>>> print(open('final14.pdb').read())   # PDB, C-alpha atoms
MODEL        1
ATOM      1  CA  MET A   1      78.937  -8.315  39.265  1.00  0.00           C
ATOM      2  CA  ALA A   2      75.543  -9.209  40.690  1.00  0.00           C
ATOM      3  CA  PHE A   3      74.823  -8.495  44.329  1.00  0.00           C
ATOM      4  CA  TYR A   4      72.763 -11.668  44.742  1.00  0.00           C
ATOM      5  CA  SER A   5      73.878 -15.076  43.524  1.00  0.00           C
ATOM      6  CA  SER A   6      72.276 -17.000  40.685  1.00  0.00           C
ATOM      7  CA  GLY A   7      71.041 -19.342  43.421  1.00  0.00           C
ATOM      8  CA  VAL A   8      68.546 -16.687  44.499  1.00  0.00           C
ATOM      9  CA  GLU A   9      67.092 -16.542  40.985  1.00  0.00           C
ATOM     10  CA  TYR A  10      66.986 -20.352  40.701  1.00  0.00           C
ATOM     11  CA  ALA A  11      65.316 -20.634  44.098  1.00  0.00           C
ATOM     12  CA  ILE A  12      62.648 -18.037  43.370  1.00  0.00           C
ATOM     13  CA  HIS A  13      61.788 -19.565  39.994  1.00  0.00           C
ATOM     14  CA  SER A  14      61.710 -23.061  41.484  1.00  0.00           C
ATOM     15  CA  LEU A  15      59.341 -21.998  44.248  1.00  0.00           C
ATOM     16  CA  MET A  16      57.148 -20.313  41.631  1.00  0.00           C
ATOM     17  CA  CYS A  17      56.960 -23.668  39.804  1.00  0.00           C
ATOM     18  CA  MET A  18      55.625 -25.234  42.985  1.00  0.00           C
ATOM     19  CA  VAL A  19      52.423 -23.159  42.998  1.00  0.00           C
ATOM     20  CA  ASP A  20      49.648 -22.353  40.536  1.00  0.00           C
ATOM     21  CA  ALA A  21      47.872 -19.031  40.053  1.00  0.00           C
ATOM     22  CA  LYS A  22      45.299 -19.922  42.722  1.00  0.00           C
ATOM     23  CA  GLY A  23      47.979 -20.682  45.284  1.00  0.00           C
ATOM     24  CA  ASN A  24      47.541 -24.458  45.060  1.00  0.00           C
ATOM     25  CA  GLU A  25      50.790 -26.229  45.783  1.00  0.00           C
ATOM     26  CA  ARG A  26      52.546 -28.739  43.567  1.00  0.00           C
ATOM     27  CA  GLU A  27      55.098 -31.216  44.886  1.00  0.00           C
ATOM     28  CA  LEU A  28      58.161 -31.502  42.667  1.00  0.00           C
ATOM     29  CA  SER A  29      61.520 -33.204  42.803  1.00  0.00           C
ATOM     30  CA  VAL A  30      64.732 -31.251  42.385  1.00  0.00           C
ATOM     31  CA  ARG A  31      65.421 -33.236  39.203  1.00  0.00           C
ATOM     32  CA  GLU A  32      62.029 -32.245  37.744  1.00  0.00           C
ATOM     33  CA  MET A  33      62.585 -28.571  38.555  1.00  0.00           C
ATOM     34  CA  ALA A  34      66.125 -28.619  37.169  1.00  0.00           C
ATOM     35  CA  GLU A  35      65.011 -30.241  33.904  1.00  0.00           C
ATOM     36  CA  LEU A  36      61.924 -28.038  33.604  1.00  0.00           C
ATOM     37  CA  GLN A  37      63.962 -24.861  34.008  1.00  0.00           C
ATOM     38  CA  GLY A  38      67.201 -25.919  32.356  1.00  0.00           C
ATOM     39  CA  VAL A  39      69.323 -25.293  35.457  1.00  0.00           C
ATOM     40  CA  PRO A  40      72.115 -27.441  36.933  1.00  0.00           C
ATOM     41  CA  TYR A  41      70.695 -30.315  38.994  1.00  0.00           C
ATOM     42  CA  ASP A  42      73.549 -30.497  41.526  1.00  0.00           C
ATOM     43  CA  TYR A  43      73.436 -26.760  42.187  1.00  0.00           C
ATOM     44  CA  LEU A  44      69.648 -26.799  42.566  1.00  0.00           C
ATOM     45  CA  GLY A  45      69.991 -29.651  45.065  1.00  0.00           C
ATOM     46  CA  LYS A  46      72.244 -27.455  47.225  1.00  0.00           C
ATOM     47  CA  ILE A  47      69.771 -24.602  46.906  1.00  0.00           C
ATOM     48  CA  PHE A  48      66.954 -26.819  48.155  1.00  0.00           C
ATOM     49  CA  THR A  49      69.064 -27.871  51.133  1.00  0.00           C
ATOM     50  CA  ARG A  50      69.291 -24.189  52.080  1.00  0.00           C
ATOM     51  CA  LEU A  51      65.580 -23.611  51.460  1.00  0.00           C
ATOM     52  CA  SER A  52      64.790 -26.602  53.667  1.00  0.00           C
ATOM     53  CA  ARG A  53      67.094 -25.394  56.467  1.00  0.00           C
ATOM     54  CA  ALA A  54      65.361 -22.011  56.306  1.00  0.00           C
ATOM     55  CA  GLY A  55      61.951 -23.656  56.725  1.00  0.00           C
ATOM     56  CA  LEU A  56      60.657 -22.621  53.308  1.00  0.00           C
ATOM     57  CA  VAL A  57      60.252 -26.150  51.900  1.00  0.00           C
ATOM     58  CA  ASN A  58      59.777 -29.643  53.296  1.00  0.00           C
ATOM     59  CA  SER A  59      61.094 -32.790  51.710  1.00  0.00           C
ATOM     60  CA  THR A  60      58.740 -35.682  51.045  1.00  0.00           C
ATOM     61  CA  GLU A  61      59.650 -39.340  51.301  1.00  0.00           C
ATOM     62  CA  GLY A  62      58.914 -42.302  49.101  1.00  0.00           C
ATOM     63  CA  LYS A  63      58.821 -43.004  45.412  1.00  0.00           C
ATOM     64  CA  GLY A  64      58.466 -39.789  43.510  1.00  0.00           C
ATOM     65  CA  GLY A  65      59.347 -37.800  46.625  1.00  0.00           C
ATOM     66  CA  GLY A  66      60.498 -34.279  46.307  1.00  0.00           C
ATOM     67  CA  PHE A  67      59.695 -30.991  47.931  1.00  0.00           C
ATOM     68  CA  LYS A  68      56.624 -29.003  48.820  1.00  0.00           C
ATOM     69  CA  LEU A  69      56.267 -25.549  50.270  1.00  0.00           C
ATOM     70  CA  ALA A  70      56.505 -25.476  54.063  1.00  0.00           C
ATOM     71  CA  ARG A  71      53.969 -22.647  54.244  1.00  0.00           C
ATOM     72  CA  PRO A  72      51.567 -20.991  51.820  1.00  0.00           C
ATOM     73  CA  ALA A  73      53.215 -19.199  48.890  1.00  0.00           C
ATOM     74  CA  GLU A  74      51.618 -15.919  49.967  1.00  0.00           C
ATOM     75  CA  LEU A  75      53.637 -16.146  53.201  1.00  0.00           C
ATOM     76  CA  ILE A  76      57.031 -16.657  51.543  1.00  0.00           C
ATOM     77  CA  SER A  77      58.588 -13.329  50.585  1.00  0.00           C
ATOM     78  CA  VAL A  78      61.357 -12.773  48.102  1.00  0.00           C
ATOM     79  CA  LEU A  79      63.427 -11.498  51.039  1.00  0.00           C
ATOM     80  CA  ASP A  80      62.886 -14.840  52.825  1.00  0.00           C
ATOM     81  CA  VAL A  81      64.363 -16.597  49.799  1.00  0.00           C
ATOM     82  CA  VAL A  82      67.278 -14.158  49.515  1.00  0.00           C
ATOM     83  CA  HIS A  83      68.173 -14.698  53.169  1.00  0.00           C
ATOM     84  CA  ALA A  84      67.851 -18.482  52.830  1.00  0.00           C
ATOM     85  CA  ILE A  85      70.196 -18.648  49.838  1.00  0.00           C
ATOM     86  CA  ASP A  86      72.691 -15.805  50.264  1.00  0.00           C
ATOM     87  CA  GLY A  87      72.256 -15.030  53.954  1.00  0.00           C
ATOM     88  CA  GLU A  88      71.896 -11.595  55.403  1.00  0.00           C
ATOM     89  CA  LYS A  89      74.623  -9.470  53.940  1.00  0.00           C
ATOM     90  CA  ASN A  90      75.320  -5.800  53.760  1.00  0.00           C
ATOM     91  CA  MET A  91      75.609  -4.253  50.346  1.00  0.00           C
ATOM     92  CA  PHE A  92      78.141  -1.747  51.664  1.00  0.00           C
ATOM     93  CA  GLU A  93      81.021  -1.919  54.109  1.00  0.00           C
ATOM     94  CA  CYS A  94      82.111   1.446  55.425  1.00  0.00           C
ATOM     95  CA  ARG A  95      85.913   1.772  55.547  1.00  0.00           C
ATOM     96  CA  GLU A  96      85.836   5.099  57.427  1.00  0.00           C
ATOM     97  CA  VAL A  97      87.733   6.838  54.631  1.00  0.00           C
ATOM     98  CA  ARG A  98      86.617  10.144  56.155  1.00  0.00           C
ATOM     99  CA  GLN A  99      89.114   9.611  58.995  1.00  0.00           C
ATOM    100  CA  ARG A 100      92.149   8.962  56.767  1.00  0.00           C
ATOM    101  CA  LEU A 101      92.543  12.187  54.815  1.00  0.00           C
ATOM    102  CA  ALA A 102      96.179  13.213  54.369  1.00  0.00           C
ATOM    103  CA  VAL A 103      95.513  16.701  55.729  1.00  0.00           C
ATOM    104  CA  PHE A 104      94.709  15.286  59.179  1.00  0.00           C
ATOM    105  CA  ASP A 105      98.299  14.243  59.872  1.00  0.00           C
ATOM    106  CA  GLU A 106      98.113  11.468  62.484  1.00  0.00           C
ATOM    107  CA  ALA A 107      94.584  11.764  63.877  1.00  0.00           C
ATOM    108  CA  PRO A 108      91.379  13.174  62.437  1.00  0.00           C
ATOM    109  CA  PRO A 109      89.751  16.097  64.270  1.00  0.00           C
ATOM    110  CA  ALA A 110      86.689  15.359  66.396  1.00  0.00           C
ATOM    111  CA  TRP A 111      84.267  16.952  63.905  1.00  0.00           C
ATOM    112  CA  VAL A 112      85.184  14.315  61.303  1.00  0.00           C
ATOM    113  CA  CYS A 113      84.138  11.453  63.578  1.00  0.00           C
ATOM    114  CA  ASP A 114      81.052  13.196  64.968  1.00  0.00           C
ATOM    115  CA  GLY A 115      78.009  11.093  64.075  1.00  0.00           C
ATOM    116  CA  PRO A 116      77.740   8.344  61.529  1.00  0.00           C
ATOM    117  CA  CYS A 117      79.489   8.568  58.200  1.00  0.00           C
ATOM    118  CA  GLY A 118      77.195  10.305  55.678  1.00  0.00           C
ATOM    119  CA  VAL A 119      78.099   7.838  52.937  1.00  0.00           C
ATOM    120  CA  ARG A 120      77.317   4.883  55.210  1.00  0.00           C
ATOM    121  CA  SER A 121      73.972   6.434  56.185  1.00  0.00           C
ATOM    122  CA  VAL A 122      72.914   6.735  52.544  1.00  0.00           C
ATOM    123  CA  MET A 123      74.004   3.174  51.754  1.00  0.00           C
ATOM    124  CA  ASP A 124      72.291   1.743  54.848  1.00  0.00           C
ATOM    125  CA  SER A 125      69.093   3.569  53.915  1.00  0.00           C
ATOM    126  CA  ALA A 126      69.285   2.201  50.365  1.00  0.00           C
ATOM    127  CA  GLN A 127      69.708  -1.353  51.666  1.00  0.00           C
ATOM    128  CA  GLN A 128      66.785  -0.935  54.039  1.00  0.00           C
ATOM    129  CA  ARG A 129      64.528   0.260  51.222  1.00  0.00           C
ATOM    130  CA  MET A 130      65.650  -2.576  48.948  1.00  0.00           C
ATOM    131  CA  GLU A 131      64.918  -5.165  51.647  1.00  0.00           C
ATOM    132  CA  GLU A 132      61.516  -3.579  52.332  1.00  0.00           C
ATOM    133  CA  GLU A 133      60.707  -3.924  48.631  1.00  0.00           C
ATOM    134  CA  LEU A 134      61.836  -7.569  48.537  1.00  0.00           C
ATOM    135  CA  ALA A 135      59.719  -8.267  51.621  1.00  0.00           C
ATOM    136  CA  ARG A 136      56.626  -6.786  49.905  1.00  0.00           C
ATOM    137  CA  HIS A 137      56.609  -9.406  47.145  1.00  0.00           C
ATOM    138  CA  THR A 138      55.735 -13.047  47.702  1.00  0.00           C
ATOM    139  CA  ILE A 139      56.204 -16.217  45.699  1.00  0.00           C
ATOM    140  CA  LEU A 140      52.458 -16.216  45.012  1.00  0.00           C
ATOM    141  CA  ASP A 141      52.613 -12.608  43.743  1.00  0.00           C
ATOM    142  CA  LEU A 142      55.338 -13.548  41.274  1.00  0.00           C
ATOM    143  CA  ALA A 143      53.609 -16.769  40.188  1.00  0.00           C
ATOM    144  CA  ARG A 144      50.354 -14.913  39.560  1.00  0.00           C
ATOM    145  CA  LYS A 145      52.167 -12.258  37.546  1.00  0.00           C
ATOM    146  CA  MET A 146      53.730 -15.006  35.417  1.00  0.00           C
ATOM    147  CA  TYR A 147      50.409 -16.832  34.912  1.00  0.00           C
ATOM    148  CA  ARG A 148      48.657 -13.586  33.904  1.00  0.00           C
ATOM    149  CA  LYS A 149      51.171 -13.166  31.074  1.00  0.00           C
ATOM    150  CA  ALA A 150      51.154 -16.802  30.009  1.00  0.00           C
ATOM    151  CA  PRO A 151      48.669 -18.279  27.549  1.00  0.00           C
ATOM    152  CA  ASP A 152      45.863 -20.335  29.062  1.00  0.00           C
ATOM    153  CA  THR A 153      47.555 -23.533  27.920  1.00  0.00           C
ATOM    154  CA  PHE A 154      50.781 -22.883  29.847  1.00  0.00           C
ATOM    155  CA  LEU A 155      49.627 -24.408  33.131  1.00  0.00           C
ATOM    156  CA  ILE A 156      48.324 -27.456  31.265  1.00  0.00           C
ATOM    157  CA  ASP A 157      51.586 -27.763  29.319  1.00  0.00           C
ATOM    158  CA  VAL A 158      53.635 -27.704  32.532  1.00  0.00           C
ATOM    159  CA  GLN A 159      51.379 -30.246  34.224  1.00  0.00           C
ATOM    160  CA  ASP A 160      51.493 -32.518  31.157  1.00  0.00           C
ATOM    161  CA  TRP A 161      55.300 -32.239  31.112  1.00  0.00           C
ATOM    162  CA  ILE A 162      55.473 -33.290  34.774  1.00  0.00           C
ATOM    163  CA  THR A 163      53.006 -36.139  34.253  1.00  0.00           C
ATOM    164  CA  ASP A 164      55.010 -37.412  31.262  1.00  0.00           C
ATOM    165  CA  ARG A 165      58.220 -37.469  33.355  1.00  0.00           C
ATOM    166  CA  ARG A 166      56.508 -39.411  36.131  1.00  0.00           C
ATOM    167  CA  SER A 167      54.887 -42.001  33.859  1.00  0.00           C
ATOM    168  CA  PRO A 168      56.686 -45.333  33.547  1.00  0.00           C
ATOM    169  CA  SER A 169      58.228 -45.679  30.113  1.00  0.00           C
TER     170      SER A 169
ENDMDL
END
>>> encode(input="final14.pdb", output="structure tokens")
Amino acid sequence: MAFYSSGVEYAIHSLMCMVDAKGNERELSVREMAELQGVPYDYLGKIFTRLSRAGLVNSTEGKGGGFKLARPAELISVLDVVHAIDGEKNMFECREVRQRLAVFDEAPPAWVCDGPCGVRSVMDSAQQRMEEELARHTILDLARKMYRKAPDTFLIDVQDWITDRRSPS
């Protein structure tokens, strides 16, 4: 089972769609992003409500309204997105198993409870390092990495796709 929800992945990819390799922003509707990426529209709408509440995107009014980034893509970290979608959660919950060994009869000796649990310390350290790594990477970093791999025509293809959807039939 994944630690982070699929909403985190959808949110990150959607925010990447809202910026080009130079960091220029692109306003998009939730429907456009859902169709472009092949993800469920209703679910993406809920994701954008969370992103908006977290101050990562702003909604725009009027015909063709949608969302734009609330701050530059280089200032939105992957950790910001994780917290906006899944909240701050611990990857480990210590159950203090060390205190429940059968050989301790009714109460564990003082040495068992002295200091933090070693298992919890390792897990807390691992979570801290993971969050530091997520904080190091921004939406712009990920978008640039994608655009470096993509053929030169990719950005044009995406823009043409968006333009076609917005043109009256």
>>> resolve_selection(input="final14.pdb", expression="the PyMOL selection byres ((chain A and resi 22) around 12)", output="ChimeraX atom specification")
/A:16,18-21,23-26,72-74,139-145,147-148,155
>>> residues_around(input="final14.pdb", residues="A:Ile162", least_positions_apart="6", cutoff="9 Å", atoms="all atoms listed in the file", output="list in words")
Leu28, Glu32 and Leu36 of chain A
>>> resolve_selection(input="final14.pdb", expression="the PyMOL selection byres ((chain A and resi 39-45) around 12)", output="ChimeraX atom specification")
/A:5-15,29-38,46-52,59,66-67,85
>>> resolve_selection(input="final14.pdb", expression="the PyMOL selection byres ((chain A and resi 89) around 12)", output="list in words")
Phe3, Tyr4, Ser5, Leu79, Val82, His83, Ala84, Ile85, Asp86, Gly87, Glu88, Asn90, Met91, Phe92, Glu93, Asp124, Gln127, Gln128 and Glu131 of chain A
>>> axis_aligned_box(input="final14.pdb", around="stretch 118-127 of chain A", padding_each_side="4 Å", output="JSON")
{"center_x": 73.6, "center_y": 4.5, "center_z": 53.3, "size_x": 17.0, "size_y": 19.7, "size_z": 13.8}
>>> residues_around(input="final14.pdb", residues="stretch 157-159 of chain A", least_positions_apart="4", cutoff="9 Å", atoms="only C-alpha atoms", output="PyMOL selection string")
chain A and resi 17+36+153+163-164
>>> closest_residue(input="final14.pdb", among="A:Gly55, A:Glu61, A:Trp161, A:Ala2", to="A:Asp80", atoms="all atoms listed in the file")
A:Gly55
>>> atom_distance(input="final14.pdb", atom1="atom CA of A:Pro116", atom2="atom CA of A:Glu96")
9.6 Å
>>> closest_residue(input="final14.pdb", among="A:Val97, A:Leu134, A:Val103, A:Val78", to="A:Gly118", atoms="all atoms listed in the file")
A:Val97
>>> residues_near_point(input="final14.pdb", point="(58.7, -26.3, 52.4)", cutoff="6 Å", atoms="all atoms listed in the file", output="PyMOL selection string")
chain A and resi 56-58+68-70
